[in-house]
Amino acid sequence: ILRSVPNSVNDGAIVPVFIDTFDILHGAFLLRLLADSLESNDVVSIVCDPRFTDVPRDSIGIELNNGVVIFGPNNGVMSWIIRDFEVSRAIKLPVSEESKLHPTFNGKYRFAVAVNKCLLGSPFESIGDEFDMDDIYSSKISDGTVVHVDNYGNVKIKLPVLQFERGSNVSIKLRDKVYTLKYGYEFFDVGEGEPILYTGSSLWGLPELAINRGNFAKMYGVKVGDIVTITGKSIK
């Protein structure tokens, strides 16, 4: 669960954003997506800690140069945001007696406590010990990676903005299968029930795959973490 909390106890709001179960990659995308709508002094707590053995386990907080504060596990879920935003400082959250008794509930006993301290006006640096920003764990998110599937089954892909002619044929490769479909500007560039590739609105224009009045992810069995290869004739 991802929560954004404006820095005011009286008029603040808690906005939940739900992450796919155990999916650090999906959490990293949603955190980055949310970042563009955050303002100075907003506080975020991201709870996504599947406890993989090959990544760090520290609970940390980071403060971005724009004043946004984020608390969460140091397991790669902050990978995307630390590449696109400058981090001014970082802290390691203390281990409380409650978190020792309940080590699987960091969201409740560590992150929520840190958020509450921020809302009550505690200086960021007083909430934990200084943490080396070079030790913030960053996992690579390769181009072509599916980073999100929305409620309609539309698939968002981490790739630069597409440069194809409207109505042109493109090829996509999914798990060793190749499909041909149209590149369009809107769903009605194809018939009902037909697949389409288009430039979406997320971030800098991530490519998206969809079916006009259908569910692309369900039809093609696509999930977050899959790799999509797209080929076609560029207009440049």
# chains A, B, ... in the order shown; residues from 1 in each chain; ligands from 1
$ residues_around --residues "segment 164-166 of chain A" --least-positions-apart "3" --cutoff "7 Å" --atoms "only C-alpha atoms" --output "CSV table (one decimal) with all heavy atoms, in the first residue's frame"
chain,number,residue,atom,x,y,z
A,183,TYR,N,-0.4,0.6,-34.7
A,183,TYR,CA,0.0,1.7,-33.8
A,183,TYR,C,-1.0,2.8,-34.1
A,183,TYR,O,-1.3,3.2,-35.2
A,183,TYR,CB,1.4,2.2,-34.1
A,183,TYR,CG,1.7,3.4,-33.3
A,183,TYR,CD1,2.0,3.4,-31.9
A,183,TYR,CD2,1.7,4.7,-33.9
A,183,TYR,CE1,2.2,4.5,-31.2
A,183,TYR,CE2,1.9,5.8,-33.1
A,183,TYR,CZ,2.2,5.7,-31.8
A,183,TYR,OH,2.4,6.8,-31.0
A,184,GLY,N,-1.6,3.3,-33.0
A,184,GLY,CA,-2.6,4.4,-33.2
A,184,GLY,C,-2.5,5.4,-32.1
A,184,GLY,O,-1.7,5.4,-31.2
A,185,TYR,N,-3.4,6.4,-32.3
A,185,TYR,CA,-3.4,7.6,-31.3
A,185,TYR,C,-4.5,7.4,-30.3
A,185,TYR,O,-4.5,8.0,-29.3
A,185,TYR,CB,-3.6,8.9,-32.1
A,185,TYR,CG,-2.4,9.3,-32.9
A,185,TYR,CD1,-2.5,10.4,-33.8
A,185,TYR,CD2,-1.2,8.6,-32.9
A,185,TYR,CE1,-1.4,10.8,-34.5
A,185,TYR,CE2,-0.1,9.0,-33.7
A,185,TYR,CZ,-0.2,10.1,-34.5
A,185,TYR,OH,0.9,10.5,-35.3
A,233,LYS,N,8.5,0.5,-38.3
A,233,LYS,CA,9.2,1.5,-39.1
A,233,LYS,C,9.0,2.9,-38.4
A,233,LYS,O,7.9,3.4,-38.3
A,233,LYS,CB,8.7,1.5,-40.5
A,233,LYS,CG,9.5,2.5,-41.4
A,233,LYS,CD,9.0,2.4,-42.8
A,233,LYS,CE,9.8,3.4,-43.7
A,233,LYS,NZ,9.3,3.4,-45.1
A,234,SER,N,10.1,3.4,-37.9
A,234,SER,CA,10.1,4.7,-37.2
A,234,SER,C,9.8,5.8,-38.3
A,234,SER,O,10.2,5.8,-39.4
A,234,SER,CB,11.4,5.0,-36.5
A,234,SER,OG,11.4,6.3,-36.0
A,235,ILE,N,9.1,6.9,-37.8
A,235,ILE,CA,8.8,8.0,-38.7
A,235,ILE,C,9.9,9.0,-38.8
A,235,ILE,O,9.9,9.9,-39.6
A,235,ILE,CB,7.5,8.8,-38.3
A,235,ILE,CG1,7.7,9.3,-36.9
A,235,ILE,CG2,6.3,7.9,-38.4
A,235,ILE,CD1,6.5,10.2,-36.4
$ closest_atom_pairs --of "segment 206-227 of chain A" --to "segment 173-181 of chain A" --cutoff "9 Å" --atoms "only C-alpha atoms" --output "Markdown table"
| residue | atom | partner | partner_atom | distance |
| --- | --- | --- | --- | --- |
| A:Tyr220 | CA | A:Leu174 | CA | 8.5 |
| A:Val222 | CA | A:Leu174 | CA | 8.2 |
| A:Asp226 | CA | A:Leu174 | CA | 7.8 |
| A:Ile227 | CA | A:Leu174 | CA | 6.8 |
$ closest_residue --among "A:Val147, A:Val77, A:Ile127, A:Leu33" --to "Trp204 of chain A" --atoms "only C-alpha atoms"
A:Leu33
$ select_by_dssp --residues "segment 106-178 of chain A" --states "alpha helix (DSSP H)" --output "list in words"
Asn106, Ala112, Val113, Ala114, Val115, Asn116, Lys117, Cys118 and Leu119 of chain A
$ write_last_selection --atoms "C-alpha atoms" --output "mmCIF file, in the first residue's frame"
data_model
loop_
_atom_site.group_PDB
_atom_site.id
_atom_site.type_symbol
_atom_site.label_atom_id
_atom_site.label_comp_id
_atom_site.auth_asym_id
_atom_site.auth_seq_id
_atom_site.Cartn_x
_atom_site.Cartn_y
_atom_site.Cartn_z
ATOM 1 C CA ASN A 106 7.288 -2.624 9.514
ATOM 2 C CA ALA A 112 3.699 4.739 10.232
ATOM 3 C CA VAL A 113 5.573 5.924 13.320
ATOM 4 C CA ALA A 114 8.000 7.888 11.146
ATOM 5 C CA VAL A 115 5.135 9.445 9.150
ATOM 6 C CA ASN A 116 3.407 10.489 12.361
ATOM 7 C CA LYS A 117 6.565 12.153 13.642
ATOM 8 C CA CYS A 118 6.827 14.133 10.390
ATOM 9 C CA LEU A 119 3.215 15.244 10.674
#
$ closest_atom_pairs --of "segment 116-231 of chain A" --to "segment 85-93 of chain A" --cutoff "8 Å" --atoms "only C-alpha atoms" --output "Markdown table"
| residue | atom | partner | partner_atom | distance |
| --- | --- | --- | --- | --- |
| A:Glu125 | CA | A:Ile91 | CA | 6.9 |
| A:Ile127 | CA | A:Leu93 | CA | 6.8 |
| A:Gly128 | CA | A:Leu93 | CA | 4.7 |
| A:Asp129 | CA | A:Ile91 | CA | 5.2 |
| A:Glu130 | CA | A:Ile91 | CA | 4.5 |
| A:Phe131 | CA | A:Ile91 | CA | 4.5 |
| A:Asp132 | CA | A:Ala90 | CA | 6.8 |
| A:Met133 | CA | A:Ala90 | CA | 6.0 |
$ residues_around --residues "Leu34 of chain A" --least-positions-apart "4" --cutoff "9 Å" --atoms "only C-alpha atoms" --output "list in words"
Ser4, Val17, Phe29, Leu30 and Leu38 of chain A
$ residues_around --residues "Cys48 of chain A" --least-positions-apart "3" --cutoff "8 Å" --atoms "only C-alpha atoms" --output "list of chain:residue names"
A:Ile1, A:Ile19, A:Phe22, A:Asp23, A:Ile24, A:Gly27, A:Gly72, A:Pro73, A:Val77
$ write_last_selection --atoms "all heavy atoms" --output "compact mmCIF listing (two decimals), in the first residue's frame"
# COMPACT_ATOMS: atom_id res chain seq x y z
N ILE A 1 0.86 -1.19 0.00
CA ILE A 1 0.00 0.00 0.00
C ILE A 1 0.89 1.23 0.00
O ILE A 1 1.85 1.31 0.76
CB ILE A 1 -0.92 0.03 1.23
CG1 ILE A 1 -1.86 -1.19 1.23
CG2 ILE A 1 -1.74 1.31 1.25
CD1 ILE A 1 -2.70 -1.31 2.48
N ILE A 19 -0.51 -1.81 -4.46
CA ILE A 19 0.57 -2.45 -5.20
C ILE A 19 0.23 -3.93 -5.38
O ILE A 19 -0.34 -4.55 -4.49
CB ILE A 19 1.90 -2.33 -4.42
CG1 ILE A 19 2.25 -0.85 -4.20
CG2 ILE A 19 3.03 -3.05 -5.13
CD1 ILE A 19 3.38 -0.65 -3.21
N PHE A 22 3.48 -8.55 -3.29
CA PHE A 22 4.89 -8.93 -3.29
C PHE A 22 5.69 -8.36 -4.46
O PHE A 22 6.79 -8.83 -4.75
CB PHE A 22 5.06 -10.47 -3.30
CG PHE A 22 4.30 -11.17 -2.23
CD1 PHE A 22 3.51 -12.26 -2.52
CD2 PHE A 22 4.38 -10.76 -0.91
CE1 PHE A 22 2.80 -12.92 -1.52
CE2 PHE A 22 3.69 -11.39 0.10
CZ PHE A 22 2.89 -12.48 -0.21
N ASP A 23 5.18 -7.36 -5.16
CA ASP A 23 5.82 -6.92 -6.41
C ASP A 23 6.56 -5.60 -6.22
O ASP A 23 5.98 -4.52 -6.30
CB ASP A 23 4.77 -6.78 -7.51
CG ASP A 23 5.38 -6.84 -8.90
OD1 ASP A 23 6.50 -6.32 -9.07
OD2 ASP A 23 4.76 -7.43 -9.80
N ILE A 24 7.88 -5.69 -6.01
CA ILE A 24 8.72 -4.51 -5.82
C ILE A 24 8.75 -3.65 -7.09
O ILE A 24 8.72 -2.42 -7.03
CB ILE A 24 10.14 -4.93 -5.41
CG1 ILE A 24 10.11 -5.54 -4.00
CG2 ILE A 24 11.10 -3.75 -5.44
CD1 ILE A 24 11.43 -6.14 -3.57
N GLY A 27 5.66 -1.63 -7.29
CA GLY A 27 5.74 -0.56 -6.30
C GLY A 27 6.65 0.56 -6.74
O GLY A 27 6.34 1.75 -6.54
N GLY A 72 10.20 3.79 3.56
CA GLY A 72 9.93 2.47 3.02
C GLY A 72 11.12 1.55 3.17
O GLY A 72 12.16 1.92 3.72
N PRO A 73 11.00 0.32 2.67
CA PRO A 73 12.09 -0.64 2.76
C PRO A 73 13.18 -0.34 1.73
O PRO A 73 12.88 0.14 0.62
CB PRO A 73 11.40 -1.98 2.46
CG PRO A 73 10.26 -1.61 1.57
CD PRO A 73 9.79 -0.26 2.05
N VAL A 77 12.47 -0.76 -4.11
CA VAL A 77 11.21 -0.12 -4.42
C VAL A 77 11.38 1.39 -4.69
O VAL A 77 10.51 2.02 -5.29
CB VAL A 77 10.19 -0.37 -3.28
CG1 VAL A 77 10.50 0.50 -2.07
CG2 VAL A 77 8.77 -0.18 -3.76
$ closest_residue --among "A:Asn65, A:Gly214, A:Ile136, A:Ser168" --to "Glu192 of chain A" --atoms "only C-alpha atoms"
A:Gly214
$ closest_residue --among "A:Met219, A:Leu25, A:Ile141, A:Leu206" --to "Asp49 of chain A" --atoms "only C-alpha atoms"
A:Leu25
$ residues_around --residues "Tyr137 of chain A" --least-positions-apart "5" --cutoff "12 Å" --atoms "only C-alpha atoms" --output "list in words"
Ile24, Ala28, Asp54, Val55, Pro56, Arg57, Asp58, Ser59, Ile60, Gly72, Pro73, Asn74, Asn75, Gly76, Val77, Met78, Ser79, Trp80, Ile81, Ile82, Arg83, Phe131 and Asp132 of chain A
$ select_by_dssp --residues "segment 170-234 of chain A" --states "strand (DSSP E)" --output "ChimeraX atom specification"
/A:170-174,177-183,195-199,207-211,228-231
$ residues_around --residues "Tyr198 of chain A" --least-positions-apart "4" --cutoff "12 Å" --atoms "only C-alpha atoms" --output "PyMOL selection string"
chain A and resi 154-157+159+161-170+181-190+202+205-212+230
$ write_last_selection --atoms "N, CA, C and O atoms" --output "short mmCIF file (atom, residue, chain, number, x, y, z; two decimals), in the first residue's frame"
data_model
loop_
_atom_site.label_atom_id
_atom_site.label_comp_id
_atom_site.auth_asym_id
_atom_site.auth_seq_id
_atom_site.Cartn_x
_atom_site.Cartn_y
_atom_site.Cartn_z
N ASN A 154 -5.15 -2.74 -19.70
CA ASN A 154 -4.18 -2.03 -20.54
C ASN A 154 -2.79 -2.17 -19.92
O ASN A 154 -2.63 -2.09 -18.70
N VAL A 155 -1.79 -2.36 -20.75
CA VAL A 155 -0.45 -2.72 -20.31
C VAL A 155 0.52 -1.57 -20.56
O VAL A 155 0.68 -1.11 -21.69
N LYS A 156 1.18 -1.09 -19.49
CA LYS A 156 2.16 -0.02 -19.61
C LYS A 156 3.56 -0.62 -19.65
O LYS A 156 3.89 -1.51 -18.86
N ILE A 157 4.39 -0.09 -20.56
CA ILE A 157 5.72 -0.66 -20.81
C ILE A 157 6.78 0.42 -20.62
O ILE A 157 6.62 1.56 -21.10
N LEU A 159 9.53 2.12 -21.86
CA LEU A 159 10.24 2.37 -23.11
C LEU A 159 10.16 3.86 -23.41
O LEU A 159 9.25 4.56 -22.92
N VAL A 161 9.40 7.27 -25.71
CA VAL A 161 8.22 7.62 -26.51
C VAL A 161 8.34 7.01 -27.90
O VAL A 161 9.40 7.05 -28.53
N LEU A 162 7.25 6.44 -28.37
CA LEU A 162 7.25 5.78 -29.68
C LEU A 162 7.22 6.79 -30.82
O LEU A 162 6.68 7.88 -30.68
N GLN A 163 7.80 6.40 -31.94
CA GLN A 163 7.85 7.26 -33.11
C GLN A 163 7.39 6.48 -34.35
O GLN A 163 8.14 6.24 -35.28
N PHE A 164 6.12 6.05 -34.33
CA PHE A 164 5.56 5.31 -35.46
C PHE A 164 4.46 6.13 -36.11
O PHE A 164 3.83 6.98 -35.47
N GLU A 165 4.21 5.84 -37.38
CA GLU A 165 3.14 6.53 -38.09
C GLU A 165 1.80 5.96 -37.67
O GLU A 165 1.64 4.76 -37.50
N ARG A 166 0.83 6.85 -37.53
CA ARG A 166 -0.51 6.43 -37.15
C ARG A 166 -1.08 5.44 -38.17
O ARG A 166 -1.06 5.70 -39.38
N GLY A 167 -1.54 4.30 -37.69
CA GLY A 167 -2.11 3.29 -38.57
C GLY A 167 -1.11 2.29 -39.12
O GLY A 167 -1.50 1.35 -39.81
N SER A 168 0.19 2.48 -38.79
CA SER A 168 1.21 1.56 -39.31
C SER A 168 1.20 0.25 -38.53
O SER A 168 0.75 0.19 -37.38
N ASN A 169 1.70 -0.81 -39.19
CA ASN A 169 1.80 -2.10 -38.52
C ASN A 169 3.08 -2.17 -37.70
O ASN A 169 4.14 -1.71 -38.13
N VAL A 170 2.98 -2.72 -36.50
CA VAL A 170 4.14 -2.95 -35.65
C VAL A 170 4.10 -4.40 -35.17
O VAL A 170 3.04 -5.04 -35.17
N LEU A 181 0.17 -5.84 -34.93
CA LEU A 181 -0.98 -5.01 -34.62
C LEU A 181 -0.74 -3.58 -35.08
O LEU A 181 0.35 -3.25 -35.57
N LYS A 182 -1.73 -2.75 -34.92
CA LYS A 182 -1.65 -1.37 -35.37
C LYS A 182 -1.12 -0.44 -34.28
O LYS A 182 -1.38 -0.64 -33.09
N TYR A 183 -0.38 0.58 -34.74
CA TYR A 183 -0.04 1.68 -33.84
C TYR A 183 -1.05 2.79 -34.09
O TYR A 183 -1.31 3.19 -35.23
N GLY A 184 -1.65 3.31 -33.03
CA GLY A 184 -2.65 4.35 -33.18
C GLY A 184 -2.52 5.44 -32.14
O GLY A 184 -1.68 5.37 -31.23
N TYR A 185 -3.37 6.45 -32.29
CA TYR A 185 -3.40 7.55 -31.34
C TYR A 185 -4.53 7.40 -30.33
O TYR A 185 -4.51 8.01 -29.26
N GLU A 186 -5.56 6.63 -30.70
CA GLU A 186 -6.69 6.42 -29.82
C GLU A 186 -7.29 5.05 -30.11
O GLU A 186 -7.02 4.43 -31.14
N PHE A 187 -8.12 4.55 -29.20
CA PHE A 187 -8.66 3.20 -29.33
C PHE A 187 -9.44 3.00 -30.63
O PHE A 187 -9.42 1.92 -31.22
N PHE A 188 -10.13 4.04 -31.09
CA PHE A 188 -10.97 3.88 -32.26
C PHE A 188 -10.19 3.93 -33.57
O PHE A 188 -10.78 3.94 -34.65
N ASP A 189 -8.85 3.91 -33.47
CA ASP A 189 -8.03 3.70 -34.66
C ASP A 189 -8.06 2.24 -35.09
O ASP A 189 -7.56 1.89 -36.16
N VAL A 190 -8.63 1.37 -34.25
CA VAL A 190 -8.81 -0.04 -34.60
C VAL A 190 -10.26 -0.42 -34.31
O VAL A 190 -10.98 0.29 -33.62
N SER A 202 1.17 8.20 -19.04
CA SER A 202 1.96 8.05 -17.81
C SER A 202 3.40 8.49 -18.03
O SER A 202 4.03 8.16 -19.05
N GLY A 205 5.34 9.43 -21.36
CA GLY A 205 4.62 8.88 -22.50
C GLY A 205 4.93 7.42 -22.70
O GLY A 205 5.27 6.98 -23.81
N LEU A 206 4.82 6.63 -21.63
CA LEU A 206 5.12 5.21 -21.74
C LEU A 206 4.19 4.55 -22.77
O LEU A 206 2.99 4.81 -22.78
N PRO A 207 4.73 3.68 -23.62
CA PRO A 207 3.88 2.95 -24.57
C PRO A 207 2.90 2.06 -23.82
O PRO A 207 3.19 1.55 -22.74
N GLU A 208 1.73 1.86 -24.42
CA GLU A 208 0.73 1.00 -23.83
C GLU A 208 0.13 0.07 -24.88
O GLU A 208 0.03 0.42 -26.06
N LEU A 209 -0.25 -1.10 -24.44
CA LEU A 209 -0.94 -2.09 -25.27
C LEU A 209 -2.35 -2.26 -24.72
O LEU A 209 -2.55 -2.37 -23.51
N ALA A 210 -3.31 -2.28 -25.61
CA ALA A 210 -4.70 -2.40 -25.18
C ALA A 210 -5.51 -3.09 -26.26
O ALA A 210 -5.03 -3.33 -27.38
N ILE A 211 -6.74 -3.42 -25.92
CA ILE A 211 -7.72 -3.92 -26.88
C ILE A 211 -8.92 -2.98 -26.82
O ILE A 211 -9.41 -2.66 -25.73
N ASN A 212 -9.37 -2.52 -27.96
CA ASN A 212 -10.53 -1.65 -28.01
C ASN A 212 -11.75 -2.40 -27.45
O ASN A 212 -12.20 -3.38 -28.02
N ILE A 230 9.26 -4.39 -29.15
CA ILE A 230 8.43 -3.74 -30.16
C ILE A 230 9.31 -3.35 -31.35
O ILE A 230 10.36 -2.73 -31.18
#
